[in-house]
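To be precise, the following lines are target05.txt, and they hold compact mmCIF, C-alpha atoms.
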# COMPACT_ATOMS: atom_id res chain seq x y z
CA MET A 250 -96.58 58.26 54.80
CA SER A 251 -97.29 56.14 57.88
CA THR A 252 -95.10 53.06 58.24
CA ALA A 253 -95.49 50.02 60.46
CA ILE A 254 -94.11 46.64 61.34
CA ILE A 255 -96.81 44.45 59.83
CA GLY A 256 -95.38 41.02 60.58
CA TYR A 257 -92.66 39.28 62.53
CA GLY A 258 -91.24 35.80 62.93
CA HIS A 259 -88.55 34.15 64.98
CA THR A 260 -86.86 30.79 65.39
CA ALA A 261 -86.43 28.82 68.56
CA PHE A 262 -83.67 30.28 70.73
CA SER A 263 -80.96 27.93 71.96
CA ARG A 264 -77.98 27.88 74.28
CA GLU A 265 -76.52 24.96 72.34
CA PRO A 266 -74.85 24.71 68.89
CA GLY A 267 -77.38 24.02 66.17
CA PRO A 268 -78.50 25.15 62.71
CA THR A 269 -76.38 27.49 60.62
CA THR A 270 -76.89 31.23 60.64
CA VAL A 271 -78.36 31.13 57.14
CA ALA A 272 -80.79 28.34 58.06
CA LEU A 273 -82.01 30.30 61.08
CA ALA A 274 -82.36 33.53 59.11
CA THR A 275 -84.32 31.76 56.38
CA GLN A 276 -86.75 30.25 58.87
CA ALA A 277 -87.32 33.60 60.58
CA VAL A 278 -88.06 35.35 57.26
CA GLU A 279 -90.48 32.64 56.19
CA ARG A 280 -92.35 32.92 59.49
CA ALA A 281 -92.52 36.72 59.27
CA ILE A 282 -93.93 36.55 55.73
CA GLU A 283 -96.55 34.04 56.87
CA ASP A 284 -97.42 36.15 59.92
CA ALA A 285 -98.03 39.17 57.66
CA GLY A 286 -100.29 37.15 55.37
CA LEU A 287 -97.96 37.63 52.41
CA SER A 288 -96.03 35.50 49.96
CA ALA A 289 -92.30 35.71 49.30
CA ARG A 290 -92.97 37.46 45.99
CA ASP A 291 -94.71 40.30 47.86
CA ILE A 292 -91.36 41.27 49.42
CA ASP A 293 -89.37 43.80 47.39
CA GLY A 294 -86.73 44.77 49.94
CA VAL A 295 -84.32 42.98 52.28
CA ILE A 296 -82.05 44.38 54.99
CA LEU A 297 -79.62 42.02 56.71
CA GLY A 298 -78.31 42.73 60.19
CA GLN A 299 -74.69 41.78 60.71
CA SER A 300 -73.58 40.61 64.16
CA GLU A 301 -70.03 41.28 65.27
CA THR A 302 -69.73 37.70 66.45
CA LEU A 303 -70.17 36.33 62.92
CA SER A 304 -67.52 36.02 60.28
CA ARG A 305 -68.38 38.06 57.20
CA ALA A 306 -68.86 34.82 55.29
CA GLU A 307 -71.69 33.53 57.51
CA LEU A 308 -74.44 35.93 56.40
CA THR A 309 -73.80 37.75 53.12
CA LEU A 310 -75.86 39.34 50.36
CA ALA A 311 -75.99 35.88 48.79
CA PHE A 312 -78.61 35.12 51.45
CA ARG A 313 -81.32 36.37 49.12
CA HIS A 314 -80.86 33.29 46.95
CA THR A 315 -82.18 31.07 49.76
CA LEU A 316 -85.56 32.80 49.46
CA ASP A 317 -88.09 32.69 46.63
CA LEU A 318 -88.03 36.44 46.09
CA GLY A 319 -88.57 38.40 42.90
CA ASN A 320 -86.60 41.47 41.88
CA LEU A 321 -85.72 43.69 44.82
CA SER A 322 -85.99 47.46 44.92
CA HIS A 323 -83.93 47.74 48.11
CA PHE A 324 -81.18 45.42 49.41
CA SER A 325 -78.54 46.23 52.00
CA LEU A 326 -76.57 45.07 55.02
CA THR A 327 -76.43 47.00 58.30
CA GLU A 328 -73.88 46.76 61.12
CA GLY A 329 -74.13 49.16 64.03
CA LYS A 330 -72.92 47.09 66.98
CA GLY A 331 -75.77 46.72 69.47
CA THR A 332 -77.91 49.24 67.56
CA THR A 333 -78.06 47.13 64.40
CA VAL A 334 -81.64 45.83 64.77
CA LEU A 335 -83.29 49.20 65.31
CA GLN A 336 -81.13 50.78 62.62
CA MET A 337 -82.48 48.17 60.20
CA ILE A 338 -86.06 49.10 61.11
CA GLN A 339 -85.28 52.80 60.77
CA HIS A 340 -83.65 52.36 57.37
CA ALA A 341 -86.58 50.25 56.18
CA ALA A 342 -89.13 52.83 57.37
CA LEU A 343 -87.26 55.61 55.58
CA ALA A 344 -87.02 53.58 52.38
CA VAL A 345 -90.72 52.69 52.43
CA GLY A 346 -91.65 56.26 53.25
CA ALA A 347 -89.59 57.51 50.30
CA GLY A 348 -91.23 55.02 47.94
CA LEU A 349 -88.04 53.03 47.31
CA ALA A 350 -89.79 49.78 48.26
CA LYS A 351 -93.20 48.62 49.45
CA ARG A 352 -92.44 45.79 51.85
CA ILE A 353 -88.99 45.29 53.37
CA VAL A 354 -88.02 42.34 55.52
CA CYS A 355 -85.34 43.03 58.13
CA VAL A 356 -83.59 39.94 59.47
CA PHE A 357 -81.04 39.46 62.23
CA ALA A 358 -79.45 36.11 62.98
CA ASP A 359 -76.64 35.21 65.33
CA THR A 360 -74.91 31.98 66.29
CA PRO A 361 -72.30 32.91 68.91
CA ILE A 362 -72.54 29.44 70.49
CA LYS A 363 -70.65 26.90 68.40
CA ALA A 364 -68.95 23.60 69.12
CA GLY A 365 -66.37 24.33 71.80
CA VAL A 366 -67.37 28.00 72.07
CA THR A 367 -69.74 29.22 74.79
CA GLY A 368 -71.76 32.41 74.54
CA GLY A 369 -69.47 34.17 77.00
CA ALA A 370 -66.36 33.16 75.10
CA ALA A 371 -67.82 34.46 71.84
CA PHE A 372 -68.01 37.97 73.29
CA ALA A 373 -64.71 37.84 75.22
CA ARG A 374 -62.78 40.05 72.86
CA ALA A 375 -61.00 43.29 73.66
CA SER A 376 -63.22 46.29 72.93
CA ASN A 377 -61.62 49.60 72.05
CA VAL A 378 -63.64 51.74 74.47
CA MET A 379 -60.66 53.83 75.64
CA ASN A 380 -59.69 54.78 72.08
CA ILE A 381 -56.10 53.85 72.87
CA ASP A 382 -54.86 51.01 70.68
CA GLY A 383 -54.10 47.90 72.71
CA TRP A 384 -55.06 49.36 76.11
CA GLU A 385 -57.82 46.85 76.86
CA ALA A 386 -55.80 43.77 75.94
CA ALA A 387 -52.75 45.03 77.85
CA HIS A 388 -54.81 45.49 81.03
CA GLY A 389 -56.91 42.33 80.77
CA CYS A 390 -60.09 44.27 80.04
CA PHE A 391 -61.66 41.74 77.68
CA GLY A 392 -65.07 41.68 76.11
CA ALA A 393 -67.92 43.97 77.09
CA ILE A 394 -67.94 42.94 80.75
CA GLY A 395 -64.61 44.64 81.58
CA PRO A 396 -65.48 48.19 80.48
CA TYR A 397 -69.10 47.85 81.64
CA ALA A 398 -67.86 46.80 85.08
CA LEU A 399 -65.69 49.93 85.23
CA ALA A 400 -68.66 52.07 84.23
CA ALA A 401 -70.93 50.32 86.73
CA SER A 402 -68.49 50.85 89.60
CA ALA A 403 -68.25 54.54 88.79
CA TYR A 404 -72.05 54.79 88.50
CA LEU A 405 -72.67 53.16 91.89
CA HIS A 406 -70.02 55.37 93.51
CA ARG A 407 -71.52 58.57 92.10
CA ARG A 408 -75.04 57.51 93.14
CA GLY A 409 -74.01 56.43 96.62
CA ALA A 410 -75.50 53.02 95.83
CA ASP A 411 -74.20 49.49 96.24
CA GLU A 412 -74.61 46.07 94.64
CA ARG A 413 -78.18 45.80 95.90
CA ALA A 414 -79.21 48.37 93.29
CA LEU A 415 -78.06 45.97 90.57
CA GLY A 416 -79.83 43.13 92.37
CA HIS A 417 -83.17 44.92 92.44
CA TYR A 418 -82.95 45.48 88.69
CA ALA A 419 -82.19 41.80 88.04
CA ILE A 420 -85.06 40.74 90.32
CA ALA A 421 -87.55 42.97 88.49
CA CYS A 422 -86.50 41.38 85.19
CA ARG A 423 -86.89 37.90 86.66
CA ARG A 424 -90.42 38.69 87.87
CA TRP A 425 -91.42 39.54 84.29
CA ALA A 426 -89.62 36.50 82.85
CA ALA A 427 -91.68 34.17 85.04
CA SER A 428 -94.60 34.69 82.62
CA ASN A 429 -92.60 34.53 79.38
CA PRO A 430 -92.39 31.08 77.76
CA LEU A 431 -89.42 32.30 75.68
CA ALA A 432 -87.38 33.25 78.76
CA PHE A 433 -84.51 31.02 79.87
CA PHE A 434 -84.55 32.02 83.57
CA ARG A 435 -88.08 31.84 84.96
CA GLN A 436 -87.57 30.57 88.51
CA GLY A 437 -88.03 32.94 91.45
CA LEU A 438 -85.22 35.26 92.53
CA ASP A 439 -84.85 37.35 95.69
CA LEU A 440 -82.09 39.60 96.96
CA GLU A 441 -80.50 36.84 99.03
CA GLY A 442 -80.35 34.57 95.99
CA TYR A 443 -78.88 37.38 93.92
CA LEU A 444 -76.16 38.13 96.47
CA ASP A 445 -75.26 34.43 96.66
CA ALA A 446 -74.56 34.30 92.91
CA ARG A 447 -70.89 34.14 91.96
CA LEU A 448 -68.97 37.27 91.03
CA ILE A 449 -67.67 37.51 87.47
CA VAL A 450 -66.05 40.96 87.36
CA GLU A 451 -66.80 43.21 90.33
CA PRO A 452 -69.45 44.51 90.78
CA PHE A 453 -71.12 42.08 88.33
CA ARG A 454 -72.41 38.67 89.35
CA ILE A 455 -73.49 36.07 86.83
CA LEU A 456 -77.10 37.28 87.26
CA ASP A 457 -76.09 40.78 86.12
CA CYS A 458 -75.01 39.51 82.70
CA ALA A 459 -76.92 38.76 79.51
CA LEU A 460 -77.68 35.25 78.25
CA PRO A 461 -76.40 34.91 74.65
CA VAL A 462 -78.39 32.55 72.44
CA ASN A 463 -78.39 31.26 68.89
CA GLY A 464 -81.41 32.32 66.89
CA ALA A 465 -82.93 34.69 64.37
CA ALA A 466 -85.84 37.09 64.01
CA ALA A 467 -87.33 38.94 61.05
CA PHE A 468 -89.59 41.97 60.84
CA ILE A 469 -91.57 43.26 57.84
CA VAL A 470 -91.82 47.03 57.44
CA ALA A 471 -94.44 48.46 55.08
CA GLN A 472 -97.04 51.19 54.78
CA SER A 473 -99.49 51.04 57.67
CA ALA A 474 -102.37 50.52 55.26
CA ASP A 475 -100.67 47.39 53.90
CA ALA A 476 -101.26 45.31 57.03
CA ALA A 477 -103.45 42.22 57.12
CA THR A 478 -102.71 41.49 60.79
CA ALA A 479 -102.28 43.51 63.99
CA VAL A 480 -100.28 46.63 63.21
CA CYS A 481 -97.38 48.16 65.15
CA HIS A 482 -97.13 51.73 63.89
CA ILE A 483 -93.70 53.36 63.81
CA VAL A 484 -94.46 56.81 65.23
CA GLY A 485 -90.95 57.93 66.15
CA MET A 486 -87.29 57.01 65.87
CA GLY A 487 -83.92 58.45 66.73
CA GLN A 488 -80.20 57.89 67.03
CA GLY A 489 -77.54 59.41 69.24
CA HIS A 490 -73.87 58.58 68.98
CA GLY A 491 -71.79 60.53 71.47
CA ARG A 492 -68.11 61.39 71.36
CA TYR A 493 -67.42 59.25 74.41
CA SER A 494 -68.32 55.88 75.89
CA MET A 495 -69.85 55.62 79.35
CA VAL A 496 -66.33 55.03 80.72
CA THR A 497 -64.47 57.86 79.02
CA GLY A 498 -67.47 60.20 79.11
CA ALA A 499 -67.61 60.04 82.91
CA ALA A 500 -63.97 61.12 83.05
CA GLN A 501 -64.65 63.98 80.60
CA GLY A 502 -67.90 65.01 82.27
CA GLU A 503 -69.81 64.55 79.02
CA PRO A 504 -73.04 62.62 78.42
CA THR A 505 -73.52 59.82 75.93
CA GLY A 506 -75.86 60.20 72.96
CA ALA A 507 -78.75 58.46 74.76
CA ARG A 508 -80.88 61.51 75.61
CA HIS A 509 -80.55 62.86 72.08
CA ALA A 510 -81.81 59.56 70.66
CA ALA A 511 -84.74 59.41 73.08
CA ASP A 512 -85.79 63.02 72.61
CA MET A 513 -85.68 62.64 68.83
CA ALA A 514 -87.99 59.61 68.86
CA LEU A 515 -90.48 61.15 71.28
CA ARG A 516 -90.49 64.48 69.45
CA MET A 517 -91.25 62.69 66.19
CA ALA A 518 -94.07 60.84 67.95
CA ARG A 519 -95.37 64.16 69.32
CA ALA A 520 -95.13 62.65 72.77
CA GLU A 521 -93.36 63.24 76.06
CA HIS A 522 -91.73 60.87 78.51
CA ARG A 523 -94.88 60.73 80.63
CA ASP A 524 -96.83 59.40 77.61
CA VAL A 525 -94.71 56.23 77.42
CA SER A 526 -96.65 53.24 78.75
CA SER A 527 -93.75 50.76 78.79
CA CYS A 528 -90.03 50.59 77.98
CA GLN A 529 -88.17 47.75 76.29
CA LEU A 530 -84.51 48.54 76.94
CA TYR A 531 -81.26 47.01 75.74
CA ASP A 532 -79.82 45.77 79.03
CA ALA A 533 -76.78 43.62 78.35
CA PHE A 534 -75.92 44.19 82.02
CA SER A 535 -78.04 45.21 85.01
CA PHE A 536 -76.16 48.49 85.25
CA SER A 537 -77.00 49.43 81.66
CA GLY A 538 -80.71 49.13 82.46
CA LEU A 539 -80.38 51.49 85.43
CA ALA A 540 -78.24 53.91 83.43
CA ALA A 541 -80.68 53.83 80.51
CA LEU A 542 -83.60 54.94 82.67
CA GLU A 543 -81.63 58.02 83.69
CA GLU A 544 -79.83 58.68 80.41
CA PHE A 545 -83.03 58.45 78.33
CA GLY A 546 -84.81 60.77 80.76
CA PHE A 547 -87.30 58.44 82.44
CA CYS A 548 -85.66 58.95 85.84
CA ALA A 549 -83.82 61.94 87.24
CA PRO A 550 -80.05 61.47 87.58
CA GLY A 551 -79.35 59.32 90.62
CA SER A 552 -82.95 58.17 91.10
CA ALA A 553 -83.05 54.93 89.08
CA PRO A 554 -81.87 52.66 91.95
CA GLU A 555 -84.67 53.91 94.20
CA PHE A 556 -87.22 53.81 91.34
CA VAL A 557 -86.38 50.21 90.47
CA GLY A 558 -85.92 49.14 94.09
CA GLY A 559 -89.41 50.47 94.83
CA GLY A 560 -90.91 48.10 92.27
CA GLU A 561 -91.86 50.76 89.72
CA THR A 562 -90.39 48.85 86.74
CA GLY A 563 -91.72 45.42 87.73
CA PRO A 564 -95.19 43.89 87.43
CA GLY A 565 -97.77 46.39 88.74
CA GLY A 566 -95.26 49.27 88.65
CA ALA A 567 -95.71 52.74 87.18
CA LEU A 568 -93.39 52.12 84.22
CA PRO A 569 -93.15 48.47 83.10
CA VAL A 570 -89.61 47.80 81.85
CA ASN A 571 -88.48 44.75 79.87
CA THR A 572 -91.71 42.85 80.35
CA GLY A 573 -90.25 39.67 78.85
CA GLY A 574 -87.30 39.52 81.24
CA GLY A 575 -84.91 41.45 79.01
CA HIS A 576 -81.41 40.23 78.32
CA LEU A 577 -80.76 39.09 81.89
CA SER A 578 -83.59 36.61 82.44
CA GLY A 579 -85.05 36.34 78.93
CA PHE A 580 -82.35 35.88 76.31
CA TYR A 581 -79.71 37.94 74.52
CA LEU A 582 -80.12 38.14 70.78
CA GLN A 583 -78.74 41.64 70.82
CA GLY A 584 -81.31 44.25 69.72
CA VAL A 585 -83.90 41.63 68.75
CA THR A 586 -84.83 41.04 72.39
CA PRO A 587 -86.39 44.45 73.24
CA LEU A 588 -88.03 44.87 69.82
CA LEU A 589 -89.61 41.42 69.83
CA GLU A 590 -91.12 41.97 73.28
CA ALA A 591 -92.44 45.38 72.22
CA LEU A 592 -94.28 43.82 69.28
CA ILE A 593 -95.66 41.01 71.45
CA GLN A 594 -97.00 43.61 73.87
CA ILE A 595 -98.51 45.91 71.24
CA ARG A 596 -100.26 42.99 69.57
CA GLY A 597 -101.72 41.86 72.88
CA GLU A 598 -99.84 38.56 72.84
CA GLY A 599 -98.20 38.91 76.26
CA GLY A 600 -100.50 36.57 78.16
CA ALA A 601 -100.04 36.86 81.93
CA ARG A 602 -97.41 39.58 81.50
CA GLN A 603 -99.55 41.74 79.17
CA VAL A 604 -99.64 45.43 80.06
CA ALA A 605 -101.41 48.43 78.54
CA ASN A 606 -99.41 49.74 75.62
CA ASP A 607 -100.41 52.98 73.96
CA LEU A 608 -96.80 53.98 73.32
CA VAL A 609 -93.79 51.69 73.70
CA PHE A 610 -90.26 53.05 73.85
CA VAL A 611 -87.63 50.64 72.49
CA SER A 612 -83.87 51.09 72.73
CA ASN A 613 -80.70 49.54 71.35
CA SER A 614 -77.20 50.45 72.52
CA GLY A 615 -73.72 49.47 71.46
CA GLY A 616 -70.08 49.76 72.38
CA CYS A 617 -69.95 50.84 76.03
CA LEU A 618 -73.13 52.91 75.73
CA GLU A 619 -71.74 55.35 73.16
CA TYR A 620 -74.09 54.22 70.36
CA HIS A 621 -77.86 54.52 70.71
CA ALA A 622 -80.88 53.89 68.50
CA THR A 623 -84.48 54.28 69.63
CA LEU A 624 -87.97 53.55 68.36
CA ALA A 625 -91.42 54.69 69.47
CA ILE A 626 -94.12 52.30 68.35
CA SER A 627 -97.83 52.17 69.00
CA PRO A 628 -101.03 50.31 68.09
CA HIS A 629 -102.33 53.75 67.04
CA ARG A 630 -101.31 55.47 63.83
CA ARG A 631 -101.43 58.82 65.60
CA LEU A 632 -101.24 59.56 69.31
CA GLY A 633 -103.76 61.65 71.19

Re-express the file's structure as structure tokens.
Amino acid sequence: MSTAIIGYGHTAFSREPGPTTVALATQAVERAIEDAGLSARDIDGVILGQSETLSRAELTLAFRHTLDLGNLSHFSLTEGKGTTVLQMIQHAALAVGAGLAKRIVCVFADTPIKAGVTGGAAFARASNVMNIDGWEAAHGCFGAIGPYALAASAYLHRRGADERALGHYAIACRRWAASNPLAFFRQGLDLEGYLDARLIVEPFRILDCALPVNGAAAFIVAQSADAATAVCHIVGMGQGHGRYSMVTGAAQGEPTGARHAADMALRMARAEHRDVSSCQLYDAFSFSGLAALEEFGFCAPGSAPEFVGGGETGPGGALPVNTGGGHLSGFYLQGVTPLLEALIQIRGEGGARQVANDLVFVSNSGGCLEYHATLAISPHRRLG
């Protein structure tokens, strides 16, 4: 059974405190239902995505009572760190394919920015990437930026690259963001401007880091034949969760689960890397975008800095990457960001940044790159 994302909706995205998580999630679902040409009573499944920044009380199964839904055949909550959004889509596709439900709405909402709490502060918690209780807190390695900075330093050293490699990635993202009305950073950026930006944790500058926002997005998964609007067919999906993070894996000489997740999705799509027309990658930091190109198999090990520096991921390049600006220049709503841009592109809604999209590769990652989920989506039900 062919499955597809037949509708989507999202709220405004904000860097200021605002509506509650439930209010945002409700608005996103209502807009997705309208986009799909359905009514609330046509929905018989709901999957909620749980953000780590939220308390468990902010978005619970009681959310269904805010919607005018009938009896549900499928109802669940998913939490997979940064992979949550794509895991929701995967679970929905499997449920629809198995006949457990006909139309499932997947919704992710996050409100990390609250009164007195900035986006950065919301994520400044010790992460257990070393698998040694208390190590991160004892050594001042707080939030995601600490372990990612360690991984980035090791990556640059192994590649014989320097901070300019990170800068070229950030610049490519900014060039795409210039044509995205949803992006928060749209002004021009060159290497001199990048190098002038303040350091946060070496080697990361402020321009290497994601922009957390408050907001919500919802996606309706159904049979492909059930669509009344432009269809985004789900032709492949995968997951790969390695034994090690990017930090500890480097020390052990072991890869993360990224390549496994990519190969699984492309194999299911009956496609190869060269068939991918664009990539929408989870790039919470500039380094993670570079690493993803190599880890997923789109660049040979060590070649991503040259590939990106040569303009191949930017406008007019061989492999468009994060055509909405990604997490660095667009906005950071965790895994929503790459999936939303993929749908915009497939439906031909990209405006000045529109590229050809026969097959779009979408990724989510979590932890310090030890968790990976991928999706291959296309305007075509079958490739070739």

Counting all atoms listed in the file, which residues of region 345-453 of chain A sit at most 10 Å from some atom of region 279-284 of chain A, and what is each one's closest atom pair with its distance in Å to one decimal, listed by chain and rising residue number, as JSON lines?
{"residue": "A:Val354", "atom": "CA", "partner": "A:Ala281", "partner_atom": "CA", "distance": 8.1}
{"residue": "A:Cys355", "atom": "CA", "partner": "A:Ala281", "partner_atom": "CA", "distance": 9.6}
{"residue": "A:Val356", "atom": "CA", "partner": "A:Ala281", "partner_atom": "CA", "distance": 9.5}

**Asked** Which neighbours of Ala410 (chain A) fall inside 12 Å, counting all atoms listed in the file, when residues of the same chain fewer than 3 positions from it are skipped, and could you give them as JSON, numbers by chain?
**Response** {"A": [401, 402, 403, 404, 405, 406, 407, 413, 414, 415, 416, 417, 452, 536, 539, 551, 552, 553, 554, 555, 558]}

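Among the candidates A:Leu335, A:Ile296, A:Ala540, A:Ile595, the residue lying nearest to Tyr418 (chain A) is A:Ala540 (atoms considered: all atoms listed in the file).
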
Output as AutoDock Vina command-line options the centre and edge lengths (Å, one decimal) of the box along x, y and z of the file that holds every listed atom of region 619-627 of chain A after adding 4 Å on each side.
--center_x -84.8 --center_y 53.8 --center_z 70.8 --size_x 34.1 --size_y 11.2 --size_z 12.8

Correct to one decimal, the distance CA of Ile593 (chain A)-CA of Pro268 (chain A) is 24.9 Å

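Interatomic distance, CA of Ala601 (chain A) to CA of Ala427 (chain A): 9.3 Å.
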
How close does each residue of region 566-590 of chain A get to region 458-467 of chain A, giving the shortest atom pair and distance in Å to one decimal for every residue with an atom at most 6 Å away, counting all atoms listed in the file, sorted by chain and residue number, as JSON lines?
{"residue": "A:His576", "atom": "CA", "partner": "A:Ala459", "partner_atom": "CA", "distance": 4.9}
{"residue": "A:Leu577", "atom": "CA", "partner": "A:Ala459", "partner_atom": "CA", "distance": 4.5}
{"residue": "A:Phe580", "atom": "CA", "partner": "A:Leu460", "partner_atom": "CA", "distance": 5.1}
{"residue": "A:Tyr581", "atom": "CA", "partner": "A:Pro461", "partner_atom": "CA", "distance": 4.5}

Expressed in Å to a single decimal, how great is the separation between CA of Ala514 (chain A) and CA of His629 (chain A)?
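So the answer is 15.6 Å.
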
Between A:Gly485, A:Gly267, A:Pro550, A:Gly538, smallest distance to Ala518 (chain A) by only C-alpha atoms belongs to A:Gly485

Residues of region 340-458 of chain A that approach region 596-600 of chain A to 10 Å or less, counting all atoms listed in the file: could you list each one with the shortest pair of atoms and its distance in Å to one decimal, rows by chain and increasing residue number, as a Markdown table?
| residue | atom | partner | partner_atom | distance |
| --- | --- | --- | --- | --- |
| A:Ser428 | CA | A:Gly600 | CA | 7.6 |
| A:Asn429 | CA | A:Gly599 | CA | 7.8 |
| A:Pro430 | CA | A:Gly600 | CA | 9.8 |

(Q) Give me the residues near Val611 (chain A) as a VMD selection string, where near means some atom within 7 Å (using all atoms listed in the file) and where sequence neighbours in that chain fewer than 4 positions away do not count. (A) chain A and resid 528 to 530 587 to 588 623 to 625
